[in-house]
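What follows is query_34.cif (mmCIF, C-alpha atoms).
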data_start
#
loop_
_atom_site.label_atom_id
_atom_site.label_comp_id
_atom_site.auth_asym_id
_atom_site.auth_seq_id
_atom_site.Cartn_x
_atom_site.Cartn_y
_atom_site.Cartn_z
CA MET A 1 7.63 -33.84 -6.60
CA ILE A 2 6.96 -30.14 -6.87
CA ASP A 3 5.01 -28.69 -3.96
CA PRO A 4 1.47 -27.81 -5.17
CA LEU A 5 1.82 -24.56 -3.21
CA TRP A 6 4.07 -23.36 -6.04
CA GLY A 7 0.99 -23.56 -8.27
CA ILE A 8 -1.00 -21.35 -5.89
CA THR A 9 1.90 -18.91 -5.70
CA VAL A 10 2.20 -18.64 -9.48
CA VAL A 11 -1.56 -18.15 -9.92
CA ILE A 12 -1.66 -15.41 -7.26
CA GLY A 13 1.44 -13.82 -8.80
CA ALA A 14 -0.06 -13.86 -12.30
CA GLY A 15 -3.37 -12.46 -11.06
CA THR A 16 -1.63 -9.72 -9.09
CA PHE A 17 0.46 -8.81 -12.14
CA ALA A 18 -2.77 -8.66 -14.16
CA TRP A 19 -4.22 -6.10 -11.69
CA ARG A 20 -1.01 -4.10 -11.68
CA GLY A 21 -0.66 -4.19 -15.41
CA ALA A 22 -4.35 -3.90 -16.33
CA PHE A 23 -3.95 -0.31 -17.49
CA LEU A 24 -0.20 0.20 -17.32
CA VAL A 25 0.60 -2.76 -19.61
CA PHE A 26 -2.54 -4.20 -21.19
CA GLY A 27 -5.02 -1.31 -21.37
CA HIS A 28 -2.32 0.87 -22.85
CA GLY A 29 -3.68 4.27 -23.82
CA LEU A 30 -7.25 3.25 -23.03
CA GLN A 31 -9.70 6.15 -22.88
CA MET A 32 -11.65 6.16 -19.63
CA PRO A 33 -15.12 7.65 -19.16
CA ASP A 34 -15.10 11.03 -17.43
CA LEU A 35 -16.83 9.74 -14.31
CA VAL A 36 -14.19 7.03 -13.83
CA ARG A 37 -11.39 9.54 -14.37
CA ARG A 38 -12.82 11.79 -11.67
CA GLY A 39 -13.32 8.85 -9.33
CA LEU A 40 -9.64 7.94 -9.67
CA ASN A 41 -8.70 11.18 -7.92
CA TYR A 42 -10.29 9.78 -4.76
CA VAL A 43 -8.46 6.45 -4.92
CA PRO A 44 -5.59 7.59 -2.66
CA PRO A 45 -7.65 9.06 0.23
CA ALA A 46 -10.29 6.30 0.11
CA VAL A 47 -7.97 3.31 -0.21
CA PHE A 48 -5.39 4.55 2.29
CA ALA A 49 -8.08 5.40 4.85
CA ALA A 50 -9.58 1.93 4.35
CA LEU A 51 -6.13 0.38 4.85
CA VAL A 52 -5.21 2.43 7.91
CA LEU A 53 -8.30 2.70 10.11
CA PRO A 54 -8.76 -1.00 10.95
CA GLY A 55 -5.15 -0.92 12.20
CA LEU A 56 -5.93 1.93 14.59
CA VAL A 57 -9.38 0.93 15.81
CA GLN A 58 -9.05 -2.53 17.30
CA TRP A 59 -11.34 -4.27 19.71
CA GLN A 60 -9.85 -6.29 22.51
CA ALA A 61 -11.08 -9.57 23.92
CA ASP A 62 -13.21 -7.77 26.56
CA GLY A 63 -15.07 -5.75 23.93
CA THR A 64 -13.37 -2.41 24.59
CA VAL A 65 -11.37 -0.52 21.99
CA ASP A 66 -7.59 -0.71 22.34
CA ALA A 67 -7.16 2.85 23.66
CA ALA A 68 -3.36 2.95 23.29
CA ARG A 69 -3.52 2.21 19.56
CA LEU A 70 -6.36 4.64 19.02
CA LEU A 71 -4.69 7.52 20.90
CA ALA A 72 -1.25 6.86 19.42
CA GLY A 73 -2.89 6.70 15.99
CA ALA A 74 -4.75 9.98 16.56
CA LEU A 75 -1.56 11.74 17.65
CA ALA A 76 0.37 10.29 14.70
CA GLY A 77 -2.45 11.39 12.40
CA TRP A 78 -2.12 14.95 13.66
CA VAL A 79 1.66 14.83 13.18
CA ALA A 80 1.20 13.40 9.67
CA TRP A 81 -1.26 16.17 8.82
CA ARG A 82 1.01 18.95 10.10
CA THR A 83 4.32 17.65 8.77
CA ARG A 84 3.14 15.73 5.67
CA SER A 85 6.18 13.60 6.29
CA ILE A 86 6.66 9.95 7.15
CA LEU A 87 9.61 9.83 9.52
CA PRO A 88 8.19 12.04 12.32
CA THR A 89 4.84 10.27 11.99
CA MET A 90 6.47 6.87 12.49
CA ILE A 91 8.73 7.92 15.34
CA ILE A 92 6.08 9.82 17.31
CA GLY A 93 3.46 7.13 16.64
CA MET A 94 5.68 4.32 17.97
CA ILE A 95 6.90 6.30 21.00
CA ALA A 96 3.29 7.24 21.81
CA LEU A 97 2.21 3.60 21.55
CA TRP A 98 4.97 2.36 23.86
CA GLY A 99 4.37 5.25 26.28
CA LEU A 100 0.62 4.65 26.43
CA ARG A 101 1.13 0.91 26.89
CA ALA A 102 3.28 1.70 29.93
CA LEU A 103 0.82 4.26 31.32
CA LEU A 104 -2.58 2.76 30.64
CA PRO A 105 -3.84 -0.19 32.66
CA ALA A 106 -3.70 -3.32 30.54
CA MET B 1 19.06 15.47 -20.10
CA GLU B 2 21.15 12.88 -18.37
CA SER B 3 21.24 14.93 -15.20
CA ALA B 4 17.46 15.56 -15.15
CA ARG B 5 16.97 11.80 -15.28
CA ARG B 6 19.45 11.23 -12.48
CA GLN B 7 17.84 14.02 -10.48
CA ALA B 8 14.38 12.42 -10.81
CA PHE B 9 15.79 9.05 -9.69
CA ALA B 10 17.54 10.70 -6.74
CA ASP B 11 14.33 12.51 -5.78
CA GLY B 12 12.60 9.12 -5.73
CA LEU B 13 15.27 7.60 -3.49
CA LYS B 14 15.01 10.55 -1.14
CA ALA B 15 11.21 10.42 -0.95
CA VAL B 16 11.12 6.70 -0.21
CA GLY B 17 13.92 6.66 2.38
CA PRO B 18 11.89 6.52 5.58
CA MET B 19 9.41 4.05 4.07
CA VAL B 20 12.14 1.63 3.13
CA ALA B 21 13.17 1.29 6.77
CA ALA B 22 9.55 0.99 7.80
CA ILE B 23 8.73 -1.99 5.59
CA VAL B 24 11.45 -4.09 7.26
CA PRO B 25 9.24 -5.34 10.12
CA PHE B 26 6.39 -5.92 7.68
CA GLY B 27 8.61 -7.94 5.34
CA MET B 28 9.99 -9.86 8.30
CA THR B 29 6.43 -10.76 9.24
CA ALA B 30 6.00 -12.39 5.84
CA GLY B 31 9.20 -14.37 6.43
CA VAL B 32 8.20 -15.40 9.95
CA ALA B 33 4.74 -16.40 8.68
CA GLY B 34 6.34 -18.64 6.05
CA LEU B 35 8.56 -20.23 8.68
CA ASP B 36 5.68 -20.77 11.13
CA ALA B 37 3.50 -22.32 8.43
CA GLY B 38 6.31 -24.68 7.41
CA LEU B 39 6.44 -23.42 3.83
CA GLY B 40 10.19 -23.79 3.52
CA ALA B 41 12.70 -21.14 2.55
CA ALA B 42 12.32 -21.56 -1.24
CA LEU B 43 8.55 -21.18 -1.23
CA THR B 44 8.56 -18.29 1.25
CA MET B 45 11.06 -16.42 -0.92
CA GLY B 46 9.35 -17.57 -4.12
CA MET B 47 6.16 -15.94 -2.90
CA SER B 48 7.96 -12.70 -2.10
CA LEU B 49 9.55 -12.66 -5.57
CA ILE B 50 6.55 -13.84 -7.60
CA VAL B 51 3.67 -12.13 -5.78
CA PHE B 52 5.52 -9.22 -4.12
CA ALA B 53 2.49 -7.87 -2.22
CA GLY B 54 2.80 -7.97 1.56
CA ALA B 55 -0.72 -8.17 2.92
CA SER B 56 -1.79 -10.84 0.45
CA GLN B 57 1.38 -12.87 1.05
CA ILE B 58 0.76 -12.92 4.79
CA ALA B 59 -2.97 -13.59 4.40
CA SER B 60 -2.46 -16.47 1.97
CA ILE B 61 0.25 -18.05 4.14
CA GLN B 62 -2.12 -17.92 7.11
CA LEU B 63 -4.94 -19.46 5.07
CA ILE B 64 -2.66 -22.21 3.74
CA ASP B 65 -1.56 -22.90 7.32
CA ALA B 66 -5.20 -23.07 8.42
CA GLY B 67 -5.88 -25.64 5.71
CA ALA B 68 -8.19 -23.45 3.64
CA ALA B 69 -9.33 -24.64 0.21
CA VAL B 70 -7.10 -23.56 -2.69
CA PRO B 71 -9.72 -21.37 -4.43
CA LEU B 72 -10.32 -19.46 -1.18
CA VAL B 73 -6.59 -18.77 -0.79
CA VAL B 74 -6.30 -17.51 -4.36
CA ILE B 75 -9.49 -15.42 -4.27
CA THR B 76 -8.54 -13.81 -0.95
CA ALA B 77 -5.10 -12.84 -2.19
CA LEU B 78 -6.48 -11.42 -5.42
CA ILE B 79 -9.21 -9.39 -3.70
CA ILE B 80 -6.66 -7.93 -1.26
CA ASN B 81 -4.57 -6.89 -4.28
CA LEU B 82 -7.51 -5.56 -6.29
CA ARG B 83 -6.63 -2.01 -5.27
CA MET B 84 -3.60 -2.33 -7.58
CA LEU B 85 -6.06 -2.20 -10.48
CA MET B 86 -7.12 1.28 -9.38
CA TYR B 87 -3.49 2.36 -9.02
CA SER B 88 -2.76 1.02 -12.50
CA ALA B 89 -5.68 2.98 -13.95
CA HIS B 90 -4.58 6.18 -12.23
CA LEU B 91 -0.90 5.92 -13.20
CA ALA B 92 -1.32 4.65 -16.77
CA PRO B 93 -2.21 7.94 -18.53
CA HIS B 94 1.00 9.50 -17.21
CA PHE B 95 3.20 6.72 -18.57
CA HIS B 96 1.57 5.59 -21.80
CA HIS B 97 4.46 6.99 -23.84
CA LEU B 98 6.89 4.44 -22.38
CA THR B 99 7.94 1.15 -23.97
CA LEU B 100 6.25 -2.14 -23.14
CA GLY B 101 9.32 -3.23 -21.20
CA TRP B 102 9.25 -0.13 -19.01
CA ARG B 103 5.53 -0.42 -18.35
CA SER B 104 5.82 -4.13 -17.49
CA LEU B 105 8.64 -3.45 -15.04
CA MET B 106 6.61 -0.62 -13.48
CA ALA B 107 3.64 -2.96 -13.09
CA TYR B 108 5.67 -5.72 -11.44
CA ILE B 109 7.14 -3.40 -8.80
CA LEU B 110 3.93 -1.42 -8.19
CA THR B 111 3.19 -0.94 -4.48
CA ASP B 112 0.99 1.34 -2.37
CA GLN B 113 3.99 3.51 -1.54
CA ALA B 114 5.32 3.75 -5.11
CA TYR B 115 1.85 4.66 -6.36
CA ALA B 116 1.23 7.25 -3.64
CA LEU B 117 4.52 9.10 -4.00
CA THR B 118 4.52 9.03 -7.81
CA ILE B 119 0.92 10.11 -8.28
CA SER B 120 1.30 13.01 -5.87
CA ARG B 121 4.40 14.12 -7.80
CA VAL B 122 2.84 13.91 -11.26
CA MET B 123 -0.36 15.56 -10.04
CA SER B 124 1.36 18.45 -8.27
CA GLU B 125 3.92 19.11 -11.00
CA GLY B 126 1.69 18.22 -13.93
CA GLY B 127 4.01 15.34 -14.76
CA GLU B 128 7.42 15.72 -16.33
CA ARG B 129 9.51 13.72 -18.71
CA TYR B 130 11.40 11.72 -16.14
CA SER B 131 8.59 10.75 -13.75
CA HIS B 132 9.29 7.12 -14.57
CA TRP B 133 12.82 7.52 -13.19
CA PHE B 134 11.34 8.99 -10.01
CA TYR B 135 9.07 5.94 -9.87
CA LEU B 136 12.07 3.61 -10.21
CA GLY B 137 13.89 5.49 -7.47
CA VAL B 138 10.93 4.88 -5.18
CA ALA B 139 9.95 1.36 -6.20
CA LEU B 140 13.30 -0.43 -6.60
CA PRO B 141 14.54 0.09 -3.02
CA LEU B 142 11.14 -1.03 -1.72
CA TRP B 143 11.43 -4.18 -3.83
CA GLY B 144 14.98 -4.97 -2.75
CA VAL B 145 14.46 -4.29 0.94
CA TRP B 146 11.22 -6.29 0.92
CA GLN B 147 13.08 -9.35 -0.41
CA LEU B 148 15.88 -8.95 2.15
CA ALA B 149 13.41 -8.40 5.00
CA THR B 150 11.43 -11.52 4.09
CA ALA B 151 14.63 -13.57 3.99
CA PHE B 152 15.80 -12.07 7.29
CA GLY B 153 12.43 -12.73 8.91
CA TYR B 154 12.57 -16.37 7.83
CA TRP B 155 16.13 -16.72 9.04
CA ALA B 156 15.76 -14.83 12.32
CA GLY B 157 12.52 -16.59 13.06
CA THR B 158 10.66 -15.28 16.00
CA ALA B 159 13.52 -13.30 17.52
CA MET B 160 11.59 -10.01 17.51
CA PRO B 161 9.57 -9.73 20.73
CA PRO B 162 5.86 -9.25 19.87
CA SER B 163 5.57 -6.75 22.74
CA TRP B 164 7.45 -4.19 20.61
CA GLU B 165 4.39 -4.13 18.34
CA LEU B 166 6.49 -3.22 15.32
CA GLY B 167 3.51 -4.14 13.18
CA PHE B 168 2.02 -0.78 14.20
CA ILE B 169 4.50 0.87 11.84
CA VAL B 170 2.44 -0.35 8.89
CA PRO B 171 -0.72 1.67 9.69
CA LEU B 172 1.56 4.62 10.52
CA ILE B 173 3.03 4.53 6.99
CA PHE B 174 -0.42 4.47 5.46
CA LEU B 175 -1.47 7.30 7.79
CA SER B 176 1.28 9.49 6.33
CA LEU B 177 0.35 8.48 2.79
CA LEU B 178 -3.28 9.24 3.60
CA MET B 179 -2.57 12.72 4.92
CA MET B 180 -0.36 13.50 1.92
CA SER B 181 -3.15 12.41 -0.42
CA ILE B 182 -5.89 14.60 1.06
CA ASN B 183 -5.98 17.92 -0.78
CA SER B 184 -9.68 18.83 -0.96
CA ARG B 185 -12.94 18.71 0.97
CA PRO B 186 -14.33 15.84 -1.13
CA GLY B 187 -11.06 14.01 -0.44
CA VAL B 188 -11.70 14.31 3.31
CA ILE B 189 -15.20 12.88 2.83
CA ALA B 190 -13.89 10.02 0.69
CA ALA B 191 -11.37 9.16 3.43
CA LEU B 192 -13.90 9.39 6.29
CA VAL B 193 -16.47 7.23 4.51
CA ALA B 194 -13.98 4.61 3.34
CA GLY B 195 -12.19 4.50 6.71
CA SER B 196 -15.33 4.01 8.80
CA LEU B 197 -16.81 1.43 6.44
CA SER B 198 -13.53 -0.45 6.43
CA VAL B 199 -13.59 -0.70 10.25
CA LEU B 200 -17.20 -1.93 10.12
CA GLY B 201 -16.46 -4.39 7.31
CA ARG B 202 -13.19 -5.78 8.64
CA ASP B 203 -14.76 -9.17 9.37
CA LEU B 204 -16.10 -9.65 5.86
CA PRO B 205 -14.41 -12.65 4.24
CA ALA B 206 -11.52 -12.45 1.82
CA GLY B 207 -10.64 -8.82 2.42
CA LEU B 208 -13.86 -7.71 0.73
CA GLY B 209 -14.34 -5.01 3.38
CA LEU B 210 -11.32 -3.08 2.09
CA ILE B 211 -12.50 -3.03 -1.50
CA LEU B 212 -16.16 -2.28 -0.78
CA ALA B 213 -15.23 0.49 1.66
CA SER B 214 -12.83 2.01 -0.89
CA LEU B 215 -15.41 1.97 -3.68
CA VAL B 216 -18.11 3.61 -1.54
CA GLY B 217 -15.56 6.19 -0.33
CA ILE B 218 -14.58 7.03 -3.92
CA ALA B 219 -18.26 7.38 -4.88
CA ALA B 220 -18.80 9.67 -1.87
CA GLY B 221 -15.89 11.85 -3.02
CA VAL B 222 -17.32 12.19 -6.53
CA ILE B 223 -20.82 12.95 -5.19
CA VAL B 224 -19.57 15.67 -2.83
CA GLU B 225 -17.50 17.16 -5.65
CA GLU B 226 -20.69 17.27 -7.76
CA TRP B 227 -22.66 19.04 -4.98
CA ARG B 228 -20.01 21.66 -4.46
CA ARG B 229 -20.05 22.46 -8.14
CA ASP B 230 -23.77 23.39 -8.07
#
Represent the structure from my file as C-alpha cells, please.
Amino acid sequence: MIDPLWGITVVIGAGTFAWRGAFLVFGHGLQMPDLVRRGLNYVPPAVFAALVLPGLVQWQADGTVDAARLLAGALAGWVAWRTRSILPTMIIGMIALWGLRALLPA
Amino acid sequence: MESARRQAFADGLKAVGPMVAAIVPFGMTAGVAGLDAGLGAALTMGMSLIVFAGASQIASIQLIDAGAAVPLVVITALIINLRMLMYSAHLAPHFHHLTLGWRSLMAYILTDQAYALTISRVMSEGGERYSHWFYLGVALPLWGVWQLATAFGYWAGTAMPPSWELGFIVPLIFLSLLMMSINSRPGVIAALVAGSLSVLGRDLPAGLGLILASLVGIAAGVIVEEWRRD
C-alpha cells in the first residue's frame, strides 16, 4: 500500500508550484495595477525582515530575550549592512554567537 | 552571444557560492526531521524533490509527527510558501519573453535566495538578455545542494551537536539578503514594520504571522513612498 503521506506531499508540491508559477508560468504577461507593481518593490525588504527577525529575537523559558542571539544578530546586521556580502556576515555572526554563549551566563 | 550567456551563468554561480554552503545545515535539518518523524528515506527525499521549500518541509514533517490533521498540514505548508507568489509576480515581467519550458523550470527551482539575487541584478542593471542564465547559475546549485544536504541529514542522523547552533546560519543568510534589498527610506520602513510585526505574530497558527507581517510592511513602504512624493 502506498503511504498516504505521499498524497500530502504531492498536494503541497502542486500548491507550492502554483504559487511559484502563478505569474511566471500561468499569469504570463499579465498586466498588474500600478499600486501592486509599486508594492512589489517592497517585497524583498518586508519579507526578508519578517523571515529574519523572529530568528534573532527569541524568548527563553524564563521570559528573558536570548541576549546572545540578539547581540550576535545585531553585529551580523551591521556587518551585512557595511559589506553587503553574505560570507563575512555568516562567519562573524556565528563566531559572535559562540563567543557570547561562552561569555554570557546561561 | 555564447560567451555573454556563459558569463551570466558564471556570475550566478559566483553570487550564490556562500549561500550554497550555508543551506547545508538547513537541508540537513529537513533530513533529520524526516528521520526523527519516521517518514522513511523515500518520503523524506520525495518531499525535498517534490516540494523543495525548506521551512514548509520542516514544518509539515513536524506537524505530521505531532499527528495533526491532514488539512492543517497542507494549509500550513502552503501559507509558509505563499511568499513565493509575490516573488513570482515580481520576477515575471522580466522573463515573460522566455518559453513555457524555461518559465516552468524557473518556477520549480524558485527560492528566496534565487529571487533575491536575481531581482537585485535585474533592478540594478535594468535587466539584460541573459538574466535567466544568471538565475539558473544561482538556483541550480541551491537545488542540488539542498537535495544532497537532505539526504546527508537523513543518513547522518543526529550526529551534529545541537550546541553548535548551526541553525543560526539561516537567519544570517536572510539578514544579508535583507540588507542587500534595502535601497531607500521607504524600504527601511517596510523592513522595520514587517520585522516587528513578524516577531509579535510568531505564535499565530500556520505561519500566518509571516504573511500578515509582510503584507503590512509592504503597505507601509508604499504609504511612506506616497508621503515623500508630496
Would you write out, as a tab-separated table, a table of all residues in chain B that have an atom no more than 7 Å from an atom of chain A, listing for each the closest atom pair and the distance in Å to one decimal, considering all atoms listed in the file and ordering rows by chain and rising residue number?
residue	atom	partner	partner_atom	distance
B:Pro18	CA	A:Leu87	CA	5.6
B:Leu43	CA	A:Trp6	CA	6.9
B:Met47	CA	A:Thr9	CA	5.9
B:Ile50	CA	A:Gly13	CA	5.2
B:Val51	CA	A:Gly13	CA	4.1
B:Val74	CA	A:Ile12	CA	5.9
B:Ala77	CA	A:Ile12	CA	6.6
B:Leu78	CA	A:Thr16	CA	6.3
B:Asn81	CA	A:Thr16	CA	6.3
B:Leu82	CA	A:Trp19	CA	6.3
B:Met84	CA	A:Arg20	CA	5.2
B:Leu85	CA	A:Trp19	CA	4.5
B:Met86	CA	A:Val43	CA	7.0
B:Ser88	CA	A:Phe23	CA	5.3
B:Ala89	CA	A:Phe23	CA	5.1
B:His90	CA	A:Leu40	CA	5.9
B:Ala92	CA	A:Leu24	CA	4.6
B:Pro93	CA	A:Gly29	CA	6.6
B:His96	CA	A:Gly29	CA	5.8
B:Leu100	CA	A:Val25	CA	6.7
B:Arg103	CA	A:Val25	CA	5.6
B:Ser104	CA	A:Val25	CA	5.8
B:Ala107	CA	A:Arg20	CA	5.0
B:Tyr108	CA	A:Phe17	CA	6.1
B:Leu110	CA	A:Arg20	CA	6.6
B:Ala116	CA	A:Pro44	CA	6.9
B:Ile169	CA	A:Met90	CA	6.3
B:Pro171	CA	A:Val52	CA	4.9
B:Leu172	CA	A:Met90	CA	5.7
B:Ile173	CA	A:Ile86	CA	6.5
B:Phe174	CA	A:Val52	CA	5.8
B:Leu175	CA	A:Val52	CA	6.1
B:Ser176	CA	A:Ala80	CA	5.1
B:Leu177	CA	A:Phe48	CA	7.0
B:Leu178	CA	A:Phe48	CA	5.3
B:Met179	CA	A:Trp81	CA	5.4
B:Met180	CA	A:Arg84	CA	5.6
B:Ser181	CA	A:Pro45	CA	5.6
B:Ile182	CA	A:Pro45	CA	5.9
B:Gly187	CA	A:Pro45	CA	6.0
B:Ala190	CA	A:Ala46	CA	5.2
B:Ala191	CA	A:Ala46	CA	4.5
B:Ala194	CA	A:Ala46	CA	5.2
B:Gly195	CA	A:Ala50	CA	4.4
B:Ser198	CA	A:Ala50	CA	5.1
B:Val199	CA	A:Pro54	CA	4.9
B:Arg202	CA	A:Pro54	CA	6.9
B:Leu210	CA	A:Ala50	CA	5.8
B:Ala213	CA	A:Ala50	CA	6.4
B:Ser214	CA	A:Val47	CA	5.1
B:Gly217	CA	A:Ala46	CA	5.3
B:Ile218	CA	A:Tyr42	CA	5.2
B:Ala219	CA	A:Gly39	CA	6.8
B:Gly221	CA	A:Tyr42	CA	6.2
B:Val222	CA	A:Gly39	CA	5.9
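Across the structure, atom CA of Val24 of chain B and atom CA of Ala149 of chain B are spaced 5.2 Å apart.
Considering only C-alpha atoms, the residue among B:Ala220, B:Pro71, B:Val138, B:Ala55 positioned nearest to Val193 of chain B is B:Ala220.
Counting all atoms listed in the file and comparing B:Leu204, B:Arg228, B:Phe152, B:Ser196, the residue that lies closest to Thr76 of chain B is B:Leu204.
In this model, the gap between atom CA of Tyr130 of chain B and atom CA of Arg5 of chain B comes to 5.6 Å.
The interatomic distance for the pair atom CA of Ser60 of chain B and atom CA of Thr29 of chain B works out to 12.8 Å.
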Set the distance at 12 Å and use all atoms listed in the file: which residues neighbour Pro105 of chain A once local chain neighbours fewer than 5 positions away are removed? I'd like the list as a ChimeraX atom specification.
/A:66-68,99-100
Resolved residues for the PyMOL selection byres ((chain B and resi 9) around 6) as a count of residues only:
9
Answer key for the PyMOL selection byres ((chain B and resi 16) around 9), residues as a PyMOL selection string
chain B and resi 11-15+17-20+113-114+117+137-139+141-142
So which residues fall inside 10 Å of (-8.2, -19.8, 0.1) if we count only C-alpha atoms? Mind giving them as a VMD selection string?
(chain A and resid 8) or (chain B and resid 59 to 64 66 to 77 206)
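Residue nearest Leu70 of chain A within the list B:Val122, B:Phe168, B:Thr99, B:Leu148: B:Phe168 [criterion: smallest interatomic distance, all atoms listed in the file].
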Axis-aligned box for all listed atoms of segment 203-214 of chain B, 6 Å per side, centre and edges in Å to one decimal, as lines of an AutoDock Vina configuration file:
center_x = -13.4
center_y = -5.3
center_z = 3.9
size_x = 17.5
size_y = 26.7
size_z = 22.9
Which residues match the PyMOL selection byres ((chain B and resi 45) around 9) in the file above, as a PyMOL selection string?
chain B and resi 31+34+40-44+46-50+147+150-151+154
Generate N, CA and C atoms for segment 58-77 of chain A and emit them as a PDB file, keeping the file's coordinate frame.
ATOM      1  N   GLN A  58      -9.035  -1.085  17.091  1.00  0.00           N
ATOM      2  CA  GLN A  58      -9.050  -2.530  17.300  1.00  0.00           C
ATOM      3  C   GLN A  58      -9.737  -2.885  18.602  1.00  0.00           C
ATOM      4  N   TRP A  59     -10.653  -3.836  18.510  1.00  0.00           N
ATOM      5  CA  TRP A  59     -11.340  -4.270  19.710  1.00  0.00           C
ATOM      6  C   TRP A  59     -10.541  -5.359  20.414  1.00  0.00           C
ATOM      7  N   GLN A  60     -10.557  -5.276  21.747  1.00  0.00           N
ATOM      8  CA  GLN A  60      -9.850  -6.290  22.510  1.00  0.00           C
ATOM      9  C   GLN A  60     -10.813  -7.392  22.906  1.00  0.00           C
ATOM     10  N   ALA A  61     -10.268  -8.408  23.559  1.00  0.00           N
ATOM     11  CA  ALA A  61     -11.080  -9.570  23.920  1.00  0.00           C
ATOM     12  C   ALA A  61     -12.279  -9.178  24.788  1.00  0.00           C
ATOM     13  N   ASP A  62     -12.118  -8.140  25.660  1.00  0.00           N
ATOM     14  CA  ASP A  62     -13.210  -7.770  26.560  1.00  0.00           C
ATOM     15  C   ASP A  62     -14.217  -6.819  25.915  1.00  0.00           C
ATOM     16  N   GLY A  63     -14.084  -6.563  24.624  1.00  0.00           N
ATOM     17  CA  GLY A  63     -15.070  -5.750  23.930  1.00  0.00           C
ATOM     18  C   GLY A  63     -14.784  -4.262  23.926  1.00  0.00           C
ATOM     19  N   THR A  64     -13.713  -3.825  24.614  1.00  0.00           N
ATOM     20  CA  THR A  64     -13.370  -2.410  24.590  1.00  0.00           C
ATOM     21  C   THR A  64     -12.380  -2.145  23.443  1.00  0.00           C
ATOM     22  N   VAL A  65     -12.322  -0.883  23.036  1.00  0.00           N
ATOM     23  CA  VAL A  65     -11.370  -0.520  21.990  1.00  0.00           C
ATOM     24  C   VAL A  65      -9.985  -0.381  22.622  1.00  0.00           C
ATOM     25  N   ASP A  66      -8.966  -0.838  21.881  1.00  0.00           N
ATOM     26  CA  ASP A  66      -7.590  -0.710  22.340  1.00  0.00           C
ATOM     27  C   ASP A  66      -7.224   0.783  22.354  1.00  0.00           C
ATOM     28  N   ALA A  67      -7.292   1.394  23.559  1.00  0.00           N
ATOM     29  CA  ALA A  67      -7.160   2.850  23.660  1.00  0.00           C
ATOM     30  C   ALA A  67      -5.754   3.319  23.276  1.00  0.00           C
ATOM     31  N   ALA A  68      -4.735   2.526  23.587  1.00  0.00           N
ATOM     32  CA  ALA A  68      -3.360   2.950  23.290  1.00  0.00           C
ATOM     33  C   ALA A  68      -3.165   3.109  21.783  1.00  0.00           C
ATOM     34  N   ARG A  69      -3.640   2.121  21.019  1.00  0.00           N
ATOM     35  CA  ARG A  69      -3.520   2.210  19.560  1.00  0.00           C
ATOM     36  C   ARG A  69      -4.293   3.389  19.005  1.00  0.00           C
ATOM     37  N   LEU A  70      -5.503   3.572  19.537  1.00  0.00           N
ATOM     38  CA  LEU A  70      -6.360   4.640  19.020  1.00  0.00           C
ATOM     39  C   LEU A  70      -5.743   6.010  19.300  1.00  0.00           C
ATOM     40  N   LEU A  71      -5.272   6.220  20.536  1.00  0.00           N
ATOM     41  CA  LEU A  71      -4.690   7.520  20.900  1.00  0.00           C
ATOM     42  C   LEU A  71      -3.368   7.750  20.180  1.00  0.00           C
ATOM     43  N   ALA A  72      -2.527   6.716  20.127  1.00  0.00           N
ATOM     44  CA  ALA A  72      -1.250   6.860  19.420  1.00  0.00           C
ATOM     45  C   ALA A  72      -1.517   7.145  17.940  1.00  0.00           C
ATOM     46  N   GLY A  73      -2.536   6.482  17.397  1.00  0.00           N
ATOM     47  CA  GLY A  73      -2.890   6.700  15.990  1.00  0.00           C
ATOM     48  C   GLY A  73      -3.393   8.123  15.762  1.00  0.00           C
ATOM     49  N   ALA A  74      -4.209   8.627  16.705  1.00  0.00           N
ATOM     50  CA  ALA A  74      -4.750   9.980  16.560  1.00  0.00           C
ATOM     51  C   ALA A  74      -3.614  11.012  16.610  1.00  0.00           C
ATOM     52  N   LEU A  75      -2.699  10.816  17.547  1.00  0.00           N
ATOM     53  CA  LEU A  75      -1.560  11.740  17.650  1.00  0.00           C
ATOM     54  C   LEU A  75      -0.710  11.682  16.383  1.00  0.00           C
ATOM     55  N   ALA A  76      -0.441  10.448  15.923  1.00  0.00           N
ATOM     56  CA  ALA A  76       0.370  10.290  14.700  1.00  0.00           C
ATOM     57  C   ALA A  76      -0.354  10.906  13.507  1.00  0.00           C
ATOM     58  N   GLY A  77      -1.678  10.799  13.493  1.00  0.00           N
ATOM     59  CA  GLY A  77      -2.450  11.390  12.400  1.00  0.00           C
ATOM     60  C   GLY A  77      -2.305  12.900  12.379  1.00  0.00           C
TER      61      GLY A  77
END
